[in-house]
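Novice: This is the structure I have questions about; it appears just below.
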Amino acid sequence: MSKDENTAEDIKPTNFIRNIINKDLESGKHQSVQTRFPPEPNGFLHIGHAKSICINFGIAEDYNGLCNLRFDDTNPAKEESAYAEAIAKDIEWLGFKWNGDIRHSADYFDKLFAFAEELINKDLAYVCELSMEEMRSYRGTLTEVGKNSPHRERSVEENLAMFQAMKAGEHKDGSMALRVKIDMGSPNINMRDPVIYRIKTAHHIRTGNDWCIYPTYDFTHGISDAIEGITHSLCTLEFEDHRPLYDWFLDNISIDCHPQQIEFSRLNLEHTITSKRKLNQLVVDGIVDGWDDPRMPTISGMRRRGYSASAIKDFIGRTGVTKKVHTVEMSLLENSVREDLGENAPRAMAVLNPLKITLTNYPDDKVESIQAPKHPQKEEMGKREIFFSKEIFIDQDDFRESANKKYKRLVLGKAVRLRNAYVITCDEIIRDSEDNIIELKCSYDENTLGKNPEGYKPKGVIHWVSASHSKVATIRLYDRLFNVANPALEDDFMTTVNPNCLQTIDNARVEMSLTTALPEAVYQFEREGYFCADRYQHSTDNLVFNRTVTLRDSWAKIEAKN
RNA sequence: UGGGAUGUCGCCAAGCGGUUAAGGCAACAGGUUUUGAUCCUGUCAUUCGUAGGUUCGAUCCCUACCAUCCCAGCCA
């Protein structure tokens with residue numbers, strides 16, 4: 001089949017990892033695929049994790065394989081159960097299902113300890129009493145080889161006894177560590193006798209106070225993969241240098257599974273930051289309201305913003321999988337969000353900055369009910385009821401006293417179409433004592449409901465809301481969190497925070513159909529953008545909508561040019 | 001200056017010795033439109049980091065150079 005015979009649905013993602021898997025399946029190296037997603041429960045998942053999730057779970061799905069969720073909980077000092085719970089929820093929300101129960105590296109602590117003893121028995125590991133500072137100086141530098149620890153030649157028996165003593169809590173934190181005996185002269189610093197167990201008196205979220213020694217990531221990760229029968233261990237580029245160590249452990253312990261570690265590049269997004277430390281700083285410093293603030297690039301933040309799981313997954317799919325360090329433009333994410341919401345979000349009208357209009361020729365007490373489509377292209381989505389009356393609100397931006405032909409909205413003396421309703425003409429401007437426009441007197445053309453007026457053409461279409469049949473709502477307009485494309489490159493990323501990343505409007509007016517909006521429901525407010533009823537603060541009595549993303553705005557471009 | 005990686009359009013990204021160098025996003029120019037939205041049409045790399053080489057033929061192979069990223073936690 002040639003490329004242009006493919007429909008969009010037929011196009012399966014292709015990338016270097018899938019190519020490797022395809023070969024492994026063809027060659028018979030593997031009969032099935034087993035991946036894993038191994039987050040450390042020390043923070044919330046962000047857009048970068050979403051990529052890893054999509055790769056690991058996505059490959060498992062597409063190859064009819066399985067993907068485990070395993071918390072990489074080897075550092076109790078940093079980990080919290082609350083994070084683990086939030087992470088699991090985020091993955092479920094994204095729509096992925098892990099294989100069996102949630103795993104934990106801690107589940108393998110006993111096995112890991114036994115493997116460490118095996119290495120000692122093989123004279124491949126030793127207890128080292130060098131302080132951290134000493135160990136650093138013994139390690140050498142990038143260009144100078146390291147030198148052997150004075151404790152490197154302890155007897156197996158002594159090492160075994162000391163390791164047991166470490167485990168028994170007979171030594172202070174940091175006073176000694178179990179190291180593996182590889183090569184202090186290796187050009188790869190990771191191979192210069194890395195530590196595999198350290199003494200750390202801390203309460204662990206899974207094992208409580210059972211242990212006072214904990215295995216390091218390098219020792220734990222590959223072995224955990226092997227225990228779980230992982231075929232392809234997919235991780236990010238910074239672990240490339242660790243691969244020789246990953247392989248060394250599996251080659252030197254008694255285990256009959258040797259997963260292949262494959263590294264891909266992290267996802268970087270313009271105008272955002274994906275460093276747990278920095279995201280945490282935004283939370284702690286009160287720049288945002290929490291890890292799930294709609295401005296945060298966390299999964300839960302994007303969810304609260306109104307981004308759907310499918311939009312996020314679509315975006316990840318569009319960014320591809322390579323080993324090239326890259327930074328993706330925000331417009332790609334916004335495109336995925338708009339595409340999804342444009343298709344699925346019901347329409348409604350909301351006036352952000354109300355300007356009152358009185359229709360002088362409309363009966364005082366008349367109220368008309370109009371059935372408006374929920375989606376202009378999808379009739380099957382049904383209708384909603386809107387109300388028309390003598391007093392209405394339009395947006396302040398949709399009126400000008402005078403304007404050139406390019407301005408397709410309401411102008412004094414000119415006509416405009418009210419979306420889903422009549423054509424009106426502006427007759428008079430009412431001002432307050434300070435010369436501010438506070439009201440417009442207009443006349444409506446009663447023969448224009450659902451049909452074009454005779455003898456003249458309105459300039460455009462604007463949205464509106466009935467004064468009597470609308471509700472006040474709080475609307476939060478979000479903008480990018482950072483003003484520069486790559487805040488991580490700045491000396492102090494905090495100085496690039498966009499002071500206007502949130503604008504709150506509390507006197508917006510929304511049509512009545514929105515009073516039944518459920519939290520997390522996303523609507524298109526016509527001509528404005530997509531808005532999501534806040535997951536936590538929105539209710540029938542207190543309407544709160546977060547702007548997910550604006551509509552594309554070619555008018556803004558035209559205006560900017562002039 | 002050691003080791004590991006990467007360099008194809010503004011941003012992503014296919015390509016795997018013979019292609020008119022896919023596609024998406026962005027941008028630009030038109031058309032439709034009761035959302036300046038959507039939708040539709042068109043334009044957008046004689047060139048693949050640079051320089052040599054191998055070959056009838058190179059983005060794909062070789063060599064050198066250049067640029068960028070990662071590594072000196074008892075973090076992951």
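Starting from 1 in every chain, residues are counted up; chains themselves are A, B, ... following the order of the structure tokens, and ligands are numbered from 1 as listed.
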Compute the chain B side of the contact with chain A at 7 Å, counting only C-alpha atoms (C1' of nucleotides), and hand it back as an MDAnalysis selection string.
Specialist: chainID B and resid 2:4 6 11:13 24:25 34:37 69:72 74 76
Novice: Any chance you could list, as an MDAnalysis selection string, the residues in segment 126-333 of chain A that come up helix (DSSP H, G or I) when DSSP is run on the backbone?
Specialist: chainID A and resid 132:139 156:167 189:191 217:227 237:252 276:284 299:305 309:319 330:333
Novice: Could you dump the residues just selected with C-alpha atoms as a short mmCIF file (atom, residue, chain, number, x, y, z; two decimals), in the first residue's frame?
Specialist:
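So part-v3.cif came out as:
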data_model
loop_
_atom_site.label_atom_id
_atom_site.label_comp_id
_atom_site.auth_asym_id
_atom_site.auth_seq_id
_atom_site.Cartn_x
_atom_site.Cartn_y
_atom_site.Cartn_z
CA MET A 132 31.43 11.02 50.50
CA GLU A 133 34.11 13.67 50.03
CA GLU A 134 36.85 11.07 49.95
CA MET A 135 34.92 8.94 47.53
CA ARG A 136 34.51 11.90 45.24
CA SER A 137 38.23 12.59 45.18
CA TYR A 138 39.04 8.91 44.65
CA ARG A 139 36.64 8.84 41.73
CA VAL A 156 34.61 -11.88 51.12
CA GLU A 157 33.89 -12.94 54.71
CA GLU A 158 34.59 -9.49 56.09
CA ASN A 159 32.45 -7.84 53.41
CA LEU A 160 29.60 -10.23 54.11
CA ALA A 161 29.78 -9.52 57.81
CA MET A 162 30.00 -5.78 57.35
CA PHE A 163 27.13 -5.73 54.88
CA GLN A 164 25.03 -7.63 57.41
CA ALA A 165 26.04 -5.15 60.06
CA MET A 166 24.97 -2.31 57.76
CA LYS A 167 21.62 -3.96 57.34
CA ILE A 189 32.49 7.44 35.47
CA ASN A 190 29.46 5.28 36.19
CA MET A 191 31.71 2.23 36.03
CA TYR A 217 18.76 3.30 41.28
CA ASP A 218 21.40 1.71 39.08
CA PHE A 219 21.46 -1.51 41.05
CA THR A 220 17.70 -1.65 41.50
CA HIS A 221 16.34 -0.66 38.16
CA GLY A 222 17.74 -3.24 35.80
CA ILE A 223 17.26 -6.07 38.26
CA SER A 224 13.65 -5.04 38.85
CA ASP A 225 13.16 -4.99 35.09
CA ALA A 226 14.61 -8.49 34.85
CA ILE A 227 12.51 -9.82 37.72
CA LEU A 237 18.80 9.96 27.16
CA GLU A 238 20.58 10.81 30.40
CA PHE A 239 20.67 7.10 31.23
CA GLU A 240 22.67 6.26 28.16
CA ASP A 241 25.91 6.30 30.15
CA HIS A 242 24.33 3.98 32.68
CA ARG A 243 23.55 1.27 30.17
CA PRO A 244 26.93 -0.46 30.56
CA LEU A 245 26.25 -0.64 34.28
CA TYR A 246 22.69 -1.87 33.70
CA ASP A 247 24.14 -4.66 31.60
CA TRP A 248 27.00 -5.36 34.02
CA PHE A 249 24.63 -6.10 36.90
CA LEU A 250 22.53 -8.47 34.86
CA ASP A 251 25.63 -10.20 33.51
CA ASN A 252 27.06 -10.74 36.97
CA LYS A 276 10.14 18.58 39.42
CA ARG A 277 12.35 20.80 41.52
CA LYS A 278 11.40 23.92 39.61
CA LEU A 279 7.73 23.03 39.40
CA ASN A 280 7.79 22.55 43.13
CA GLN A 281 9.34 25.98 43.54
CA LEU A 282 6.41 27.51 41.65
CA VAL A 283 4.08 25.81 44.08
CA VAL A 284 6.04 26.64 47.22
CA ILE A 299 -1.05 16.04 33.85
CA SER A 300 -3.44 17.13 36.59
CA GLY A 301 -2.90 20.80 35.73
CA MET A 302 -3.63 20.25 32.07
CA ARG A 303 -6.66 18.23 33.04
CA ARG A 304 -7.96 21.09 35.14
CA ARG A 305 -7.20 23.44 32.29
CA ALA A 309 -6.52 12.91 27.60
CA SER A 310 -6.93 12.21 23.91
CA ALA A 311 -5.63 15.66 22.99
CA ILE A 312 -2.57 15.12 25.13
CA LYS A 313 -1.97 11.71 23.60
CA ASP A 314 -2.47 13.09 20.11
CA PHE A 315 0.07 15.79 20.82
CA ILE A 316 2.62 13.31 22.14
CA GLY A 317 2.10 11.23 19.02
CA ARG A 318 2.83 14.22 16.82
CA THR A 319 6.12 14.98 18.51
CA MET A 330 3.42 25.30 22.12
CA SER A 331 1.35 25.71 18.95
CA LEU A 332 1.59 21.98 18.34
CA LEU A 333 -0.02 21.21 21.68
#
Novice: So which bits of segment 208-388 of chain A end up strand (DSSP E or B) when you DSSP the backbone, as a PyMOL selection string?
Specialist: chain A and resi 208+213-215+232-236+260-264+269+298+328+347-348+350-351+354-359+367-373+383-388
Novice: Keeping only N, CA and C atoms, take the residues you just selected and write them out as a short mmCIF file (atom, residue, chain, number, x, y, z; two decimals), in the first residue's frame.
Specialist:
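As a result, result.cif now contains:
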data_model
loop_
_atom_site.label_atom_id
_atom_site.label_comp_id
_atom_site.auth_asym_id
_atom_site.auth_seq_id
_atom_site.Cartn_x
_atom_site.Cartn_y
_atom_site.Cartn_z
N GLY A 208 8.14 0.80 55.50
CA GLY A 208 8.20 1.38 56.84
C GLY A 208 9.62 1.48 57.36
N ILE A 213 19.06 0.31 55.12
CA ILE A 213 19.94 0.43 53.94
C ILE A 213 19.05 0.33 52.71
N TYR A 214 19.37 1.10 51.71
CA TYR A 214 18.56 1.09 50.49
C TYR A 214 19.44 0.97 49.25
N PRO A 215 18.97 0.18 48.29
CA PRO A 215 19.76 0.02 47.07
C PRO A 215 19.64 1.27 46.19
N HIS A 232 11.84 -4.68 26.91
CA HIS A 232 12.46 -3.44 26.46
C HIS A 232 12.29 -2.39 27.54
N SER A 233 13.38 -1.91 28.07
CA SER A 233 13.36 -0.95 29.16
C SER A 233 13.64 0.43 28.57
N LEU A 234 12.57 1.17 28.38
CA LEU A 234 12.68 2.44 27.66
C LEU A 234 12.82 3.61 28.63
N CYS A 235 13.87 4.39 28.41
CA CYS A 235 14.12 5.50 29.33
C CYS A 235 14.69 6.68 28.57
N THR A 236 14.98 7.74 29.28
CA THR A 236 15.45 8.94 28.60
C THR A 236 16.97 8.96 28.46
N GLN A 260 16.52 -5.14 27.36
CA GLN A 260 17.36 -4.20 26.61
C GLN A 260 16.94 -2.78 26.94
N GLN A 261 17.89 -2.01 27.44
CA GLN A 261 17.59 -0.61 27.72
C GLN A 261 17.74 0.21 26.44
N ILE A 262 16.73 0.99 26.12
CA ILE A 262 16.78 1.84 24.94
C ILE A 262 16.43 3.26 25.39
N GLU A 263 17.23 4.22 24.96
CA GLU A 263 17.03 5.59 25.42
C GLU A 263 16.45 6.48 24.32
N PHE A 264 15.54 7.36 24.71
CA PHE A 264 14.96 8.33 23.78
C PHE A 264 15.05 9.71 24.43
N LEU A 269 9.02 21.45 26.01
CA LEU A 269 7.95 22.26 25.43
C LEU A 269 8.29 23.72 25.65
N THR A 298 1.67 19.98 34.44
CA THR A 298 1.44 18.64 35.01
C THR A 298 0.21 18.03 34.34
N VAL A 328 9.67 21.43 21.53
CA VAL A 328 8.49 21.52 20.68
C VAL A 328 7.74 22.82 20.94
N ARG A 347 -21.25 24.07 21.93
CA ARG A 347 -21.09 25.53 21.85
C ARG A 347 -22.00 26.21 22.85
N ALA A 348 -21.58 27.38 23.26
CA ALA A 348 -22.40 28.19 24.15
C ALA A 348 -21.94 29.63 23.94
N ALA A 350 -20.96 33.27 25.82
CA ALA A 350 -20.58 33.92 27.07
C ALA A 350 -19.99 35.27 26.71
N VAL A 351 -20.37 36.27 27.46
CA VAL A 351 -19.85 37.62 27.22
C VAL A 351 -18.87 37.95 28.35
N PRO A 354 -19.09 42.62 29.49
CA PRO A 354 -20.43 42.99 29.04
C PRO A 354 -20.61 44.49 28.74
N LEU A 355 -21.30 44.73 27.64
CA LEU A 355 -21.74 46.08 27.28
C LEU A 355 -23.25 45.94 27.03
N LYS A 356 -24.04 46.74 27.75
CA LYS A 356 -25.48 46.61 27.66
C LYS A 356 -26.03 47.20 26.37
N ILE A 357 -27.01 46.50 25.81
CA ILE A 357 -27.72 47.01 24.64
C ILE A 357 -29.21 46.97 24.95
N THR A 358 -29.89 48.05 24.65
CA THR A 358 -31.35 48.05 24.76
C THR A 358 -31.90 48.09 23.35
N LEU A 359 -32.78 47.12 23.07
CA LEU A 359 -33.40 47.07 21.75
C LEU A 359 -34.68 47.88 21.81
N VAL A 367 -40.03 37.69 25.95
CA VAL A 367 -38.84 36.83 26.01
C VAL A 367 -39.04 35.72 25.01
N GLU A 368 -38.14 35.60 24.10
CA GLU A 368 -38.25 34.54 23.09
C GLU A 368 -37.31 33.39 23.41
N SER A 369 -37.80 32.19 23.19
CA SER A 369 -36.95 31.01 23.36
C SER A 369 -36.46 30.59 21.98
N ILE A 370 -35.16 30.39 21.87
CA ILE A 370 -34.59 29.99 20.59
C ILE A 370 -33.83 28.68 20.78
N GLN A 371 -34.03 27.79 19.85
CA GLN A 371 -33.29 26.52 19.89
C GLN A 371 -32.02 26.69 19.06
N ALA A 372 -30.89 26.66 19.74
CA ALA A 372 -29.62 26.84 19.03
C ALA A 372 -28.85 25.53 19.01
N PRO A 373 -28.19 25.23 17.91
CA PRO A 373 -27.45 23.97 17.84
C PRO A 373 -26.27 23.94 18.82
N LYS A 383 -29.75 20.34 20.47
CA LYS A 383 -29.94 21.79 20.61
C LYS A 383 -29.87 22.20 22.06
N ARG A 384 -29.76 23.48 22.26
CA ARG A 384 -29.84 24.06 23.59
C ARG A 384 -30.79 25.24 23.50
N GLU A 385 -31.39 25.61 24.62
CA GLU A 385 -32.34 26.71 24.60
C GLU A 385 -31.65 28.01 25.01
N ILE A 386 -31.81 29.04 24.19
CA ILE A 386 -31.30 30.36 24.57
C ILE A 386 -32.46 31.33 24.54
N PHE A 387 -32.29 32.45 25.21
CA PHE A 387 -33.40 33.40 25.36
C PHE A 387 -33.03 34.77 24.82
N PHE A 388 -34.01 35.34 24.12
CA PHE A 388 -33.80 36.67 23.55
C PHE A 388 -34.75 37.65 24.24
#
Novice: So how far away is atom CA of His46 of chain A from atom CA of Pro487 of chain A, in Å?
Specialist: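 These two atoms are separated by 16.1 Å.
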Novice: In Å, with one decimal, what is the gap from atom CA of Ala467 of chain A to atom CA of Tyr530 of chain A?
Specialist: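 Distance reported for this atom pair: 22.4 Å.
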